[in-house]
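Structure below is work-v7.csv: CSV, C-alpha atoms and all ligand atoms.
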```csv
chain,number,residue,atom,x,y,z
A,93,MET,CA,-7.8,-15.8,-9.7
A,94,LYS,CA,-5.4,-13.3,-11.3
A,95,LYS,CA,-1.6,-14.0,-11.2
A,96,ILE,CA,0.8,-11.2,-10.2
A,97,ALA,CA,4.5,-11.5,-10.6
A,98,VAL,CA,6.0,-9.6,-7.7
A,99,LEU,CA,9.5,-8.4,-8.4
A,100,ALA,CA,10.6,-6.2,-5.5
A,101,GLY,CA,14.2,-5.9,-6.5
A,102,ASP,CA,16.8,-3.8,-4.7
A,103,GLY,CA,17.2,-1.0,-2.2
A,104,ILE,CA,13.8,0.3,-1.0
A,105,GLY,CA,12.1,-2.0,-3.4
A,106,PRO,CA,11.2,-4.8,-0.9
A,107,GLU,CA,10.2,-2.2,1.8
A,108,VAL,CA,7.7,-0.4,-0.3
A,109,MET,CA,6.5,-3.5,-2.0
A,110,ALA,CA,5.5,-5.0,1.3
A,111,GLU,CA,3.2,-2.0,1.9
A,112,ALA,CA,1.7,-2.3,-1.6
A,113,ILE,CA,0.9,-6.0,-1.0
A,114,LYS,CA,-0.6,-5.0,2.4
A,115,VAL,CA,-3.0,-2.6,0.6
A,116,LEU,CA,-3.8,-5.0,-2.2
A,117,ASP,CA,-4.7,-7.6,0.4
A,118,VAL,CA,-7.3,-5.2,1.9
A,119,ALA,CA,-8.5,-4.4,-1.6
A,120,GLN,CA,-9.1,-8.0,-2.4
A,121,LYS,CA,-11.2,-8.5,0.7
A,122,ARG,CA,-13.2,-5.3,0.3
A,123,PHE,CA,-13.9,-5.7,-3.4
A,124,GLY,CA,-14.1,-9.5,-3.6
A,125,PHE,CA,-11.4,-10.4,-6.1
A,126,ALA,CA,-8.5,-12.7,-5.7
A,127,LEU,CA,-4.8,-12.3,-6.5
A,128,GLU,CA,-2.1,-15.0,-6.5
A,129,TYR,CA,1.3,-13.5,-5.9
A,130,ARG,CA,4.5,-15.1,-7.3
A,131,GLN,CA,7.6,-13.4,-5.8
A,132,ALA,CA,10.8,-13.6,-8.0
A,133,ASP,CA,14.3,-12.1,-7.8
A,134,VAL,CA,15.3,-9.4,-10.1
A,135,GLY,CA,18.2,-6.9,-10.4
A,136,GLY,CA,21.1,-6.9,-8.0
A,137,ILE,CA,19.5,-9.4,-5.7
A,138,ALA,CA,19.1,-11.8,-8.6
A,139,ILE,CA,22.8,-11.3,-9.5
A,140,ASP,CA,23.7,-12.2,-5.9
A,141,HIS,CA,21.4,-15.3,-5.8
A,142,HIS,CA,21.5,-16.6,-9.4
A,143,GLY,CA,24.4,-14.9,-11.1
A,144,GLU,CA,22.2,-12.9,-13.5
A,145,ALA,CA,19.9,-9.9,-13.2
A,146,LEU,CA,16.9,-11.5,-15.0
A,147,PRO,CA,17.0,-15.2,-14.3
A,148,LYS,CA,14.9,-17.5,-16.6
A,149,SER,CA,12.7,-18.4,-13.7
A,150,THR,CA,11.8,-14.8,-13.1
A,151,LEU,CA,11.0,-14.3,-16.8
A,152,ALA,CA,8.9,-17.4,-16.7
A,153,ALA,CA,7.0,-16.1,-13.6
A,154,CYS,CA,6.3,-12.9,-15.5
A,155,GLU,CA,5.2,-14.8,-18.6
A,156,ALA,CA,2.7,-16.8,-16.5
A,157,ALA,CA,1.3,-13.7,-14.9
A,158,ASP,CA,-1.5,-11.2,-15.7
A,159,ALA,CA,0.6,-8.3,-14.6
A,160,ILE,CA,4.0,-7.5,-13.1
A,161,LEU,CA,4.3,-5.4,-9.9
A,162,PHE,CA,7.9,-4.1,-9.9
A,163,GLY,CA,9.9,-2.4,-7.2
A,164,SER,CA,13.2,-1.0,-8.4
A,165,VAL,CA,16.7,-2.3,-9.3
A,166,GLY,CA,20.2,-1.2,-9.0
A,167,GLY,CA,22.5,0.3,-6.4
A,168,PRO,CA,26.2,0.9,-5.5
A,169,LYS,CA,26.9,-2.8,-4.9
A,170,TRP,CA,26.5,-3.6,-8.6
A,171,GLU,CA,27.8,-0.3,-10.2
A,172,GLY,CA,31.3,-1.8,-10.7
A,173,LEU,CA,30.0,-4.6,-13.0
A,174,PRO,CA,30.4,-4.2,-16.7
A,175,PRO,CA,27.6,-1.9,-17.9
A,176,ALA,CA,25.8,-4.6,-19.8
A,177,GLN,CA,25.5,-6.8,-16.7
A,178,GLN,CA,24.2,-4.1,-14.4
A,179,PRO,CA,20.7,-4.5,-13.0
A,180,GLU,CA,19.1,-1.6,-14.9
A,181,ARG,CA,20.5,-2.7,-18.3
A,182,ALA,CA,20.4,-6.4,-17.8
A,183,ALA,CA,17.0,-6.7,-16.1
A,184,LEU,CA,14.7,-3.7,-16.4
A,185,LEU,CA,15.3,-2.7,-20.0
A,186,PRO,CA,15.1,-6.3,-21.2
A,187,LEU,CA,11.9,-6.9,-19.3
A,188,ARG,CA,10.3,-3.8,-20.9
A,189,LYS,CA,11.5,-5.0,-24.4
A,190,HIS,CA,10.5,-8.6,-23.9
A,191,PHE,CA,6.9,-7.7,-23.1
A,192,ASP,CA,6.8,-4.9,-25.6
A,193,LEU,CA,5.9,-2.4,-22.9
A,194,PHE,CA,6.2,0.6,-25.2
A,195,CYS,CA,3.8,2.9,-23.5
A,196,ASN,CA,4.7,4.3,-20.1
A,197,PHE,CA,2.1,6.4,-18.3
A,198,ARG,CA,3.4,8.5,-15.4
A,199,PRO,CA,0.5,10.5,-13.9
A,200,ALA,CA,1.6,13.5,-11.9
A,201,ARG,CA,-0.9,15.6,-10.0
A,202,VAL,CA,-0.6,17.6,-6.8
A,203,PHE,CA,-2.7,16.1,-4.0
A,204,GLU,CA,-4.1,19.2,-2.4
A,205,PRO,CA,-2.9,18.4,1.1
A,206,LEU,CA,0.6,18.1,-0.3
A,207,ALA,CA,0.8,21.5,-1.9
A,208,ALA,CA,3.3,22.7,0.8
A,209,ALA,CA,5.6,19.8,-0.1
A,210,CYS,CA,5.9,21.0,-3.7
A,211,PRO,CA,9.1,23.1,-4.1
A,212,LEU,CA,7.2,25.7,-6.3
A,213,ARG,CA,6.0,29.0,-4.9
A,214,ALA,CA,2.5,28.8,-3.3
A,215,ASP,CA,1.0,31.0,-6.0
A,216,ILE,CA,2.2,28.6,-8.7
A,217,VAL,CA,1.2,25.4,-7.1
A,218,GLY,CA,-2.0,27.0,-5.9
A,219,ARG,CA,-3.3,26.8,-9.4
A,220,GLY,CA,-2.9,23.0,-9.2
A,221,PHE,CA,-1.7,20.6,-11.9
A,222,ASP,CA,-2.7,17.2,-13.2
A,223,ILE,CA,-0.3,16.0,-15.9
A,224,LEU,CA,0.1,12.7,-17.6
A,225,VAL,CA,3.6,12.0,-18.9
A,226,VAL,CA,3.4,9.5,-21.8
A,227,ARG,CA,6.8,8.1,-22.4
A,228,GLU,CA,7.9,5.9,-25.2
A,229,LEU,CA,9.6,3.0,-23.3
A,230,THR,CA,11.2,0.4,-25.7
A,231,SER,CA,13.1,2.4,-28.2
A,232,GLY,CA,15.1,5.6,-28.6
A,233,ILE,CA,18.6,6.2,-27.3
A,234,TYR,CA,18.3,3.6,-24.5
A,235,PHE,CA,17.9,0.8,-27.0
A,236,GLY,CA,19.3,2.1,-30.3
A,237,GLN,CA,22.2,0.3,-32.0
A,238,PRO,CA,25.1,0.7,-32.4
A,239,LYS,CA,26.4,1.5,-28.9
A,240,GLY,CA,30.0,1.2,-28.2
A,241,ARG,CA,33.3,2.3,-26.8
A,242,GLU,CA,36.8,2.0,-28.3
A,243,GLY,CA,40.2,3.4,-28.4
A,244,SER,CA,42.4,4.8,-25.7
A,245,GLY,CA,43.9,8.1,-24.4
A,246,ALA,CA,42.6,11.3,-25.8
A,247,ASP,CA,41.0,9.5,-28.8
A,248,GLU,CA,39.0,7.1,-26.7
A,249,ARG,CA,35.3,7.4,-27.5
A,250,ALA,CA,31.9,6.1,-26.7
A,251,TRP,CA,28.6,6.4,-28.5
A,252,ASP,CA,24.9,5.6,-28.4
A,253,THR,CA,22.4,5.8,-31.1
A,254,LYS,CA,19.0,7.5,-31.0
A,255,VAL,CA,16.7,5.8,-33.6
A,256,TYR,CA,13.0,5.7,-33.9
A,257,ARG,CA,10.9,3.8,-36.4
A,258,ARG,CA,7.7,5.4,-37.9
A,259,SER,CA,5.6,2.6,-36.4
A,260,GLU,CA,7.1,3.2,-32.9
A,261,ILE,CA,6.3,6.9,-33.0
A,262,GLU,CA,2.8,6.2,-34.4
A,263,ARG,CA,1.8,3.8,-31.7
A,264,ILE,CA,2.9,5.9,-28.8
A,265,ALA,CA,1.4,8.9,-30.3
A,266,HIS,CA,-2.0,7.1,-30.7
A,267,MET,CA,-1.8,6.1,-27.0
A,268,ALA,CA,-1.1,9.7,-26.0
A,269,PHE,CA,-3.9,11.1,-28.1
A,270,GLN,CA,-6.3,8.5,-26.8
A,271,ALA,CA,-5.3,9.3,-23.2
A,272,ALA,CA,-5.8,13.0,-23.9
A,273,ARG,CA,-9.3,12.3,-25.1
A,274,ARG,CA,-10.1,10.8,-21.7
A,275,ARG,CA,-8.7,13.9,-20.1
A,276,ARG,CA,-8.6,17.6,-21.0
A,277,ARG,CA,-7.9,17.0,-24.7
A,278,LYS,CA,-4.6,18.8,-24.8
A,279,LEU,CA,-1.4,17.1,-26.0
A,280,THR,CA,2.1,18.6,-25.9
A,281,SER,CA,4.7,16.7,-27.8
A,282,VAL,CA,8.2,17.2,-26.4
A,283,ASP,CA,11.1,17.0,-28.7
A,284,LYS,CA,14.4,18.6,-29.8
A,285,ALA,CA,13.5,19.0,-33.5
A,286,ASN,CA,15.7,22.1,-33.8
A,287,VAL,CA,18.8,19.9,-33.5
A,288,LEU,CA,18.1,16.2,-33.9
A,289,THR,CA,17.0,14.5,-37.1
A,290,SER,CA,15.2,11.8,-35.2
A,291,MET,CA,13.2,14.5,-33.5
A,292,VAL,CA,12.2,16.2,-36.8
A,293,PHE,CA,10.9,12.8,-37.8
A,294,TRP,CA,9.1,12.5,-34.4
A,295,ARG,CA,7.4,15.9,-34.8
A,296,GLU,CA,6.2,15.1,-38.4
A,297,ILE,CA,4.7,11.8,-37.4
A,298,VAL,CA,3.0,13.2,-34.3
A,299,ARG,CA,1.5,15.8,-36.6
A,300,ASP,CA,0.3,13.1,-39.0
A,301,VAL,CA,-1.3,11.1,-36.2
A,302,ALA,CA,-3.0,14.2,-34.9
A,303,ARG,CA,-5.2,14.3,-38.0
A,304,SER,CA,-7.1,11.4,-36.5
A,305,TYR,CA,-7.8,13.4,-33.4
A,306,PRO,CA,-9.1,16.8,-34.5
A,307,ASP,CA,-10.8,17.2,-31.1
A,308,VAL,CA,-7.4,17.2,-29.3
A,309,GLU,CA,-5.4,20.3,-29.3
A,310,LEU,CA,-1.7,19.6,-30.2
A,311,ASN,CA,1.3,21.7,-29.6
A,312,HIS,CA,5.1,21.0,-29.8
A,313,ILE,CA,7.7,22.1,-27.4
A,314,TYR,CA,11.5,21.6,-27.2
A,315,ILE,CA,12.7,19.6,-24.2
A,316,ASP,CA,14.7,22.4,-22.7
A,317,ASN,CA,11.8,24.8,-22.8
A,318,ALA,CA,9.5,22.0,-21.5
A,319,THR,CA,11.6,21.5,-18.3
A,320,MET,CA,11.5,25.2,-17.7
A,321,GLN,CA,7.8,25.6,-18.4
A,322,LEU,CA,7.1,22.7,-16.0
A,323,VAL,CA,8.4,24.7,-13.1
A,324,ARG,CA,7.2,28.0,-14.3
A,325,ASP,CA,3.6,26.9,-14.7
A,326,PRO,CA,2.8,23.2,-14.6
A,327,HIS,CA,-0.9,24.0,-14.8
A,328,GLN,CA,-0.6,24.7,-18.5
A,329,PHE,CA,0.0,21.0,-19.3
A,330,ASP,CA,-2.4,18.1,-19.7
A,331,VAL,CA,-0.7,15.2,-21.6
A,332,LEU,CA,3.1,15.4,-22.3
A,333,LEU,CA,4.2,13.0,-25.0
A,334,CYS,CA,7.9,12.2,-24.8
A,335,GLY,CA,10.5,9.8,-26.2
A,336,ASN,CA,12.3,7.5,-23.9
A,337,MET,CA,15.1,9.6,-22.5
A,338,PHE,CA,13.2,12.9,-22.4
A,339,GLY,CA,10.3,11.2,-20.7
A,340,ASP,CA,12.7,9.7,-18.1
A,341,ILE,CA,14.1,13.0,-17.2
A,342,ILE,CA,10.9,15.1,-17.2
A,343,SER,CA,9.0,12.6,-15.2
A,344,ASP,CA,11.5,12.9,-12.3
A,345,GLU,CA,10.9,16.7,-12.4
A,346,ALA,CA,7.2,16.1,-12.5
A,347,ALA,CA,7.5,13.7,-9.5
A,348,MET,CA,9.2,16.3,-7.4
A,349,LEU,CA,6.5,18.8,-8.2
A,350,THR,CA,4.0,16.4,-6.7
A,351,GLY,CA,6.0,16.6,-3.5
A,352,SER,CA,8.5,13.8,-3.7
A,353,MET,CA,10.1,11.2,-5.9
A,354,GLY,CA,8.2,8.7,-3.7
A,355,MET,CA,4.8,9.9,-4.9
A,356,LEU,CA,5.0,9.1,-8.7
A,357,ALA,CA,3.5,5.8,-9.9
A,358,SER,CA,3.8,4.4,-13.4
A,359,ALA,CA,2.2,1.9,-15.7
A,360,SER,CA,4.1,0.4,-18.6
A,361,LEU,CA,1.7,-1.1,-21.1
A,362,ASN,CA,1.9,-3.2,-24.2
A,363,GLY,CA,-1.2,-1.7,-25.8
A,364,GLY,CA,-3.3,-4.5,-24.4
A,365,SER,CA,-4.1,-5.3,-20.8
A,366,PHE,CA,-0.7,-6.7,-19.9
A,367,GLY,CA,1.6,-4.3,-18.0
A,368,LEU,CA,4.4,-3.7,-15.5
A,369,PHE,CA,3.7,-1.3,-12.7
A,370,GLU,CA,6.5,0.4,-10.8
A,371,PRO,CA,7.3,3.6,-9.0
A,372,ALA,CA,9.0,6.2,-11.3
A,373,GLY,CA,11.9,6.5,-8.9
A,374,GLY,CA,14.7,4.1,-8.3
A,375,SER,CA,16.1,2.0,-5.5
A,376,ALA,CA,17.0,5.1,-3.3
A,377,PRO,CA,20.2,3.5,-1.8
A,378,ASP,CA,20.6,6.6,0.4
A,379,ILE,CA,17.5,5.7,2.5
A,380,ALA,CA,17.2,1.9,1.9
A,381,GLY,CA,16.8,-0.3,4.9
A,382,LYS,CA,15.8,2.5,7.2
A,383,ASN,CA,12.0,2.1,7.1
A,384,VAL,CA,11.7,5.8,6.0
A,385,ALA,CA,10.9,5.4,2.2
A,386,ASN,CA,7.6,6.7,1.0
A,387,PRO,CA,5.6,3.6,-0.2
A,388,LEU,CA,2.9,5.7,-1.9
A,389,ALA,CA,4.4,5.5,-5.4
A,390,GLN,CA,4.4,1.7,-5.1
A,391,ILE,CA,0.9,1.6,-3.6
A,392,LEU,CA,-0.4,3.9,-6.4
A,393,SER,CA,1.4,1.7,-9.0
A,394,ALA,CA,-0.6,-1.2,-7.6
A,395,ALA,CA,-3.8,0.9,-8.1
A,396,LEU,CA,-2.7,1.5,-11.7
A,397,MET,CA,-2.3,-2.3,-12.1
A,398,LEU,CA,-5.8,-2.9,-10.9
A,399,ARG,CA,-7.1,-0.3,-13.4
A,400,TYR,CA,-5.1,-1.2,-16.5
A,401,SER,CA,-4.4,-4.9,-16.2
A,402,LEU,CA,-7.1,-6.4,-13.9
A,403,GLY,CA,-10.2,-4.4,-14.7
A,404,GLU,CA,-10.7,-3.4,-11.0
A,405,GLU,CA,-11.4,0.3,-11.5
A,406,GLU,CA,-13.5,0.6,-8.4
A,407,ALA,CA,-10.7,-0.8,-6.2
A,408,ALA,CA,-8.1,1.3,-8.0
A,409,ARG,CA,-10.1,4.5,-7.2
A,410,ALA,CA,-10.6,3.4,-3.6
A,411,ILE,CA,-6.9,3.0,-3.1
A,412,GLU,CA,-6.3,6.4,-4.6
A,413,GLY,CA,-9.0,7.8,-2.4
A,414,ALA,CA,-7.4,6.1,0.7
A,415,VAL,CA,-4.1,7.8,-0.2
A,416,GLU,CA,-5.7,11.1,-0.5
A,417,GLN,CA,-7.5,10.7,2.9
A,418,VAL,CA,-4.3,9.7,4.6
A,419,LEU,CA,-2.5,12.8,3.3
A,420,ALA,CA,-5.4,14.9,4.3
A,421,ASN,CA,-5.0,13.5,7.8
A,422,ASN,CA,-1.4,14.8,7.8
A,423,ILE,CA,0.1,11.3,7.9
A,424,ARG,CA,3.4,11.7,6.1
A,425,THR,CA,6.6,9.9,5.5
A,426,ARG,CA,9.8,11.9,6.0
A,427,ASP,CA,10.1,13.1,2.4
A,428,ILE,CA,6.7,14.9,2.5
A,429,ALA,CA,6.5,15.6,6.2
A,430,ALA,CA,4.4,18.6,7.2
A,431,ALA,CA,5.8,21.2,9.6
A,432,GLY,CA,4.9,20.3,13.1
A,433,HIS,CA,3.9,16.7,12.4
A,434,ALA,CA,6.2,13.8,13.2
A,435,PRO,CA,6.8,11.6,10.1
A,436,VAL,CA,5.6,8.0,10.0
A,437,SER,CA,7.7,5.1,8.8
A,438,THR,CA,7.3,3.2,5.6
A,439,GLN,CA,5.2,0.6,7.4
A,440,GLY,CA,3.3,3.3,9.2
A,441,MET,CA,2.2,4.8,5.9
A,442,GLY,CA,1.2,1.4,4.5
A,443,ASP,CA,-0.8,0.7,7.6
A,444,ALA,CA,-2.6,4.0,7.4
A,445,VAL,CA,-3.6,3.5,3.8
A,446,ALA,CA,-4.7,-0.1,4.6
A,447,VAL,CA,-6.9,1.2,7.4
A,448,ALA,CA,-8.3,4.0,5.3
A,449,LEU,CA,-9.1,1.5,2.6
A,450,GLU,CA,-10.9,-0.8,5.0
A,451,SER,CA,-13.3,1.9,6.2
B,1,LIG,N1,13.0,1.6,-12.2
B,1,LIG,C1,14.1,1.4,-11.6
B,1,LIG,O1,14.4,0.3,-11.1
B,1,LIG,C2,15.1,2.5,-11.4
B,1,LIG,C3,16.3,2.3,-10.9
B,1,LIG,N2,17.2,3.3,-10.7
B,1,LIG,C4,18.4,3.0,-10.0
B,1,LIG,O2,18.3,3.3,-8.6
B,1,LIG,C5,19.6,3.6,-8.1
B,1,LIG,C6,19.5,5.0,-7.4
B,1,LIG,O3,19.3,6.0,-8.4
B,1,LIG,P1,19.1,7.5,-8.1
B,1,LIG,O4,19.5,8.3,-9.3
B,1,LIG,O5,19.6,7.8,-6.8
B,1,LIG,O6,17.5,7.8,-8.1
B,1,LIG,P2,16.4,7.4,-7.0
B,1,LIG,O7,15.1,7.7,-7.7
B,1,LIG,O8,16.6,6.0,-6.5
B,1,LIG,O9,16.6,8.4,-5.8
B,1,LIG,C7,16.7,9.8,-6.1
B,1,LIG,C8,16.3,10.6,-4.8
B,1,LIG,O10,14.9,10.4,-4.5
B,1,LIG,C9,14.7,9.8,-3.3
B,1,LIG,N3,13.6,8.8,-3.3
B,1,LIG,C10,13.4,8.0,-4.4
B,1,LIG,N4,12.3,7.2,-4.1
B,1,LIG,C11,11.9,7.6,-2.8
B,1,LIG,C12,10.8,7.1,-2.0
B,1,LIG,N5,10.0,6.2,-2.3
B,1,LIG,N6,10.7,7.8,-0.8
B,1,LIG,C13,11.5,8.8,-0.4
B,1,LIG,N7,12.5,9.2,-1.2
B,1,LIG,C14,12.7,8.6,-2.4
B,1,LIG,C15,16.0,9.1,-2.9
B,1,LIG,O11,16.1,8.9,-1.5
B,1,LIG,C16,17.0,10.0,-3.5
B,1,LIG,O12,17.3,11.0,-2.7
B,1,LIG,C17,20.5,3.6,-9.3
B,1,LIG,O13,21.2,2.3,-9.3
B,1,LIG,C18,19.6,3.7,-10.5
B,1,LIG,O14,20.2,3.2,-11.7
B,1,LIG,C19,16.9,4.6,-11.0
B,1,LIG,C20,15.6,4.9,-11.5
B,1,LIG,C21,14.7,3.9,-11.8
B,2,LIG,C1,17.0,2.1,-16.1
B,2,LIG,C2,16.4,3.5,-16.2
B,2,LIG,C3,16.0,3.8,-17.5
B,2,LIG,C4,15.2,3.5,-15.2
B,2,LIG,C5,14.6,4.8,-15.1
B,2,LIG,O1,15.2,5.8,-14.7
B,2,LIG,C6,13.2,5.0,-15.4
B,2,LIG,O2,12.6,4.2,-16.0
B,2,LIG,O3,12.7,6.1,-15.0
B,3,MG,MG,14.0,7.5,-14.4
```
Just give me the structure of the file as structure tokens.
Ligand SMILES: NC(=O)C1=CN([C@@H]2O[C@H](COP(=O)(O)OP(=O)(O)OC[C@H]3O[C@@H](n4cnc5c(N)ncnc54)[C@H](O)[C@@H]3O)[C@@H](O)[C@H]2O)C=CC1
Ligand SMILES: CC(C)CC(=O)C(=O)O
Ligand SMILES: [Mg+2]
Amino acid sequence: MKKIAVLAGDGIGPEVMAEAIKVLDVAQKRFGFALEYRQADVGGIAIDHHGEALPKSTLAACEAADAILFGSVGGPKWEGLPPAQQPERAALLPLRKHFDLFCNFRPARVFEPLAAACPLRADIVGRGFDILVVRELTSGIYFGQPKGREGSGADERAWDTKVYRRSEIERIAHMAFQAARRRRRKLTSVDKANVLTSMVFWREIVRDVARSYPDVELNHIYIDNATMQLVRDPHQFDVLLCGNMFGDIISDEAAMLTGSMGMLASASLNGGSFGLFEPAGGSAPDIAGKNVANPLAQILSAALMLRYSLGEEEAARAIEGAVEQVLANNIRTRDIAAAGHAPVSTQGMGDAVAVALES
């Protein structure tokens, strides 16, 4: 029996999480494995219930688990809190750091039936794309010290620090090269080495690591060009290796190319089998509580959990296949709805994937 810490969080988190659990329940029956879920509060809801975004009991549930299935945190209700107490900074970032989840995989591919939901011209998306964004997740400017704010009036100032250690770049680069080896053997490292000293360092180290992977083609690209190339011709990319902030930004762009923010799953790994699995998007306050959110990113994140943390590759593939089948049957939530087809609800989409997985 594998233990899963289920942290649904805020906004659409609980709605899409319910559908992922529904699908996981079917997967257990069909593939004969057993999961024990332990639900715990995180983020804004945890502030409301326990006075802190990452209560000790939640951390303990995660420590006792084989994997964490995470929804999303944050929202307008908690934006007025001091920055260090807000859900994103007080729960999600510390969780990533605590478990040393330095490697974030965000796979973005266009499911063929969804090509029309991609905002790119048909001739561009028609070439298809299948990109893996590999994002460094526990360092860089989101974590670097010092951070601060002082002064007043026109002299008031605020600062963050972007710092990378050699070992941090080496380990994420190894993960990215190894991933490229399992794919089309092409790695594009994204940086801003024309301006930032930390990125000159990044580029040098990626080049050093590349010597161990002569079978993988490496090229370097500046982040501004990368964001442009991604919409000009996403087909050119295989693995995109990014630092923390650039990976955050470019993966939202990649998500939309797949049709919607609600499509992009992610796996945050510690280099071993432990991981946290969550949609790349956030708590979507604009649609929360309306039963319209797309649960596929959460469902596909559950599939990644089966693959990376639980060794259930067959079940992971079956869930991905069920998603593809549902899309091919024109079953769509509002964000990816096809012309002439009424959208289904969040629950309707979860039901459809569950049924497709059963058969
Ligand atoms: N991992 C996490 O917990 C993350 C949390 N956040 C937090 O979420 C809150 C909202 O952030 P935003 O910048 O608005 O980003 P967001 O990703 O929540 O939403 C951006 C847009 O994408 C749409 N969207 C996102 N997920 C969707 C889904 N499953 N189905 C359909 N549409 C979907 C939203 O409706 C919205 O229009 C903020 O508090 C932010 O800090 C943001 C990103 C990640
Ligand atoms: C708190 C943020 C860094 C979350 C986010 O936007 C992400 O991980 O994509
Ligand atoms: Mg993000």
- prompt: Within 9 Å of Glu111 in chain A, counting all atoms listed in the file, which residues qualify if same-chain residues fewer than 5 places away don't, as number ranges by chain?
  reply: A: 106, 116, 387-388, 390-391, 438-439, 441-443, 445-446
message: Within 10 Å of ligand MG 3 (chain B) (counting all atoms listed in the file), which residues show up? I'd like them as a ChimeraX atom specification.
response: /A:336-345,371-374
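With only C-alpha atoms as the atoms that count, the residue of A:Leu288, A:Ile137, A:Leu392, A:Ala152 with the shortest distance to Phe191 in chain A is A:Ala152.
Residues with any atom within 6 Å of range 352-367 of chain A, counting only C-alpha atoms and excluding same-chain neighbours fewer than 3 positions away, are Ala159, Asp192, Leu193, Phe194, Cys195, Asn196, Phe197, Arg198, Ala347, Met348, Glu370, Pro371, Ala372, Gly373, Asn386, Leu388, Ala389, Leu392, Ser393 and Ser401 of chain A.
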Once 8 Å is added on each side, what are the centre and the three edge lengths, in Å to one decimal, of the axis-aligned box enclosing the listed atoms of ligand LIG 2 (chain B)? Present them as lines of an AutoDock Vina configuration file.
```
center_x = 14.8
center_y = 4.1
center_z = -16.1
size_x = 20.4
size_y = 20.0
size_z = 18.8
```
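A straight line drawn from CA of Arg258 in chain A to CA of Arg276 in chain A is 26.5 Å long.
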Scan for residues within 12 Å of the point (14.4, -16.8, -14.2) in the coordinates of the file, using all atoms listed in the file, and reply as a PDB file with C-alpha atoms, in the frame of the given file.
```pdb
ATOM      1  CA  ALA A  97       4.500 -11.500 -10.600  1.00  0.00           C
ATOM      2  CA  LEU A  99       9.500  -8.400  -8.400  1.00  0.00           C
ATOM      3  CA  GLN A 131       7.600 -13.400  -5.800  1.00  0.00           C
ATOM      4  CA  ALA A 132      10.800 -13.600  -8.000  1.00  0.00           C
ATOM      5  CA  ASP A 133      14.300 -12.100  -7.800  1.00  0.00           C
ATOM      6  CA  VAL A 134      15.300  -9.400 -10.100  1.00  0.00           C
ATOM      7  CA  GLY A 135      18.200  -6.900 -10.400  1.00  0.00           C
ATOM      8  CA  ALA A 138      19.100 -11.800  -8.600  1.00  0.00           C
ATOM      9  CA  ILE A 139      22.800 -11.300  -9.500  1.00  0.00           C
ATOM     10  CA  HIS A 141      21.400 -15.300  -5.800  1.00  0.00           C
ATOM     11  CA  HIS A 142      21.500 -16.600  -9.400  1.00  0.00           C
ATOM     12  CA  GLY A 143      24.400 -14.900 -11.100  1.00  0.00           C
ATOM     13  CA  GLU A 144      22.200 -12.900 -13.500  1.00  0.00           C
ATOM     14  CA  ALA A 145      19.900  -9.900 -13.200  1.00  0.00           C
ATOM     15  CA  LEU A 146      16.900 -11.500 -15.000  1.00  0.00           C
ATOM     16  CA  PRO A 147      17.000 -15.200 -14.300  1.00  0.00           C
ATOM     17  CA  LYS A 148      14.900 -17.500 -16.600  1.00  0.00           C
ATOM     18  CA  SER A 149      12.700 -18.400 -13.700  1.00  0.00           C
ATOM     19  CA  THR A 150      11.800 -14.800 -13.100  1.00  0.00           C
ATOM     20  CA  LEU A 151      11.000 -14.300 -16.800  1.00  0.00           C
ATOM     21  CA  ALA A 152       8.900 -17.400 -16.700  1.00  0.00           C
ATOM     22  CA  ALA A 153       7.000 -16.100 -13.600  1.00  0.00           C
ATOM     23  CA  CYS A 154       6.300 -12.900 -15.500  1.00  0.00           C
ATOM     24  CA  GLU A 155       5.200 -14.800 -18.600  1.00  0.00           C
ATOM     25  CA  ALA A 156       2.700 -16.800 -16.500  1.00  0.00           C
ATOM     26  CA  ALA A 183      17.000  -6.700 -16.100  1.00  0.00           C
ATOM     27  CA  LEU A 187      11.900  -6.900 -19.300  1.00  0.00           C
TER      28      LEU A 187
END
```
- request: Could you check which of A:Gly413, A:Pro306, A:Gly381, A:Gly167 is closest to ligand LIG 2 (chain B), using only C-alpha atoms and all ligand atoms?
  value: A:Gly167
field: For Val436 in chain A: contacts at 12 Å, all atoms listed in the file, fewer than 2 positions along chain excluded, given as a PyMOL selection string
entry: chain A and resi 382-387+418-419+422-430+433-434+438-445
Polymer residues at most 10 Å from Asn317 in chain A, only C-alpha atoms, same-chain spacing of 4 or more positions, as a list in words: Val282, Asp283, Lys284, Ile313, Gln321 and Leu322 of chain A
So that I have them on file, write out the residues from the current selection with C-alpha atoms, as a PDB file, in the frame of the given file.
```
ATOM      1  CA  VAL A 282       8.200  17.200 -26.400  1.00  0.00           C
ATOM      2  CA  ASP A 283      11.100  17.000 -28.700  1.00  0.00           C
ATOM      3  CA  LYS A 284      14.400  18.600 -29.800  1.00  0.00           C
ATOM      4  CA  ILE A 313       7.700  22.100 -27.400  1.00  0.00           C
ATOM      5  CA  GLN A 321       7.800  25.600 -18.400  1.00  0.00           C
ATOM      6  CA  LEU A 322       7.100  22.700 -16.000  1.00  0.00           C
TER       7      LEU A 322
END
```
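Distance check against ligand LIG 1 (chain B) using all atoms listed in the file: of A:Ala272, A:Ile379, A:Ile223, A:Ala182, the minimum falls on A:Ile379.
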Would you list the residues near (20.7, 1.5, -1.0) (no more than 8 Å away, in the coordinates of the file, using only C-alpha atoms) as a tab-separated table (two decimals) with C-alpha atoms, in the coordinates of the input?
```
chain	number	residue	atom	x	y	z
A	102	ASP	CA	16.80	-3.80	-4.70
A	103	GLY	CA	17.20	-1.00	-2.20
A	104	ILE	CA	13.80	0.30	-1.00
A	167	GLY	CA	22.50	0.30	-6.40
A	168	PRO	CA	26.20	0.90	-5.50
A	375	SER	CA	16.10	2.00	-5.50
A	376	ALA	CA	17.00	5.10	-3.30
A	377	PRO	CA	20.20	3.50	-1.80
A	378	ASP	CA	20.60	6.60	0.40
A	379	ILE	CA	17.50	5.70	2.50
A	380	ALA	CA	17.20	1.90	1.90
A	381	GLY	CA	16.80	-0.30	4.90
```
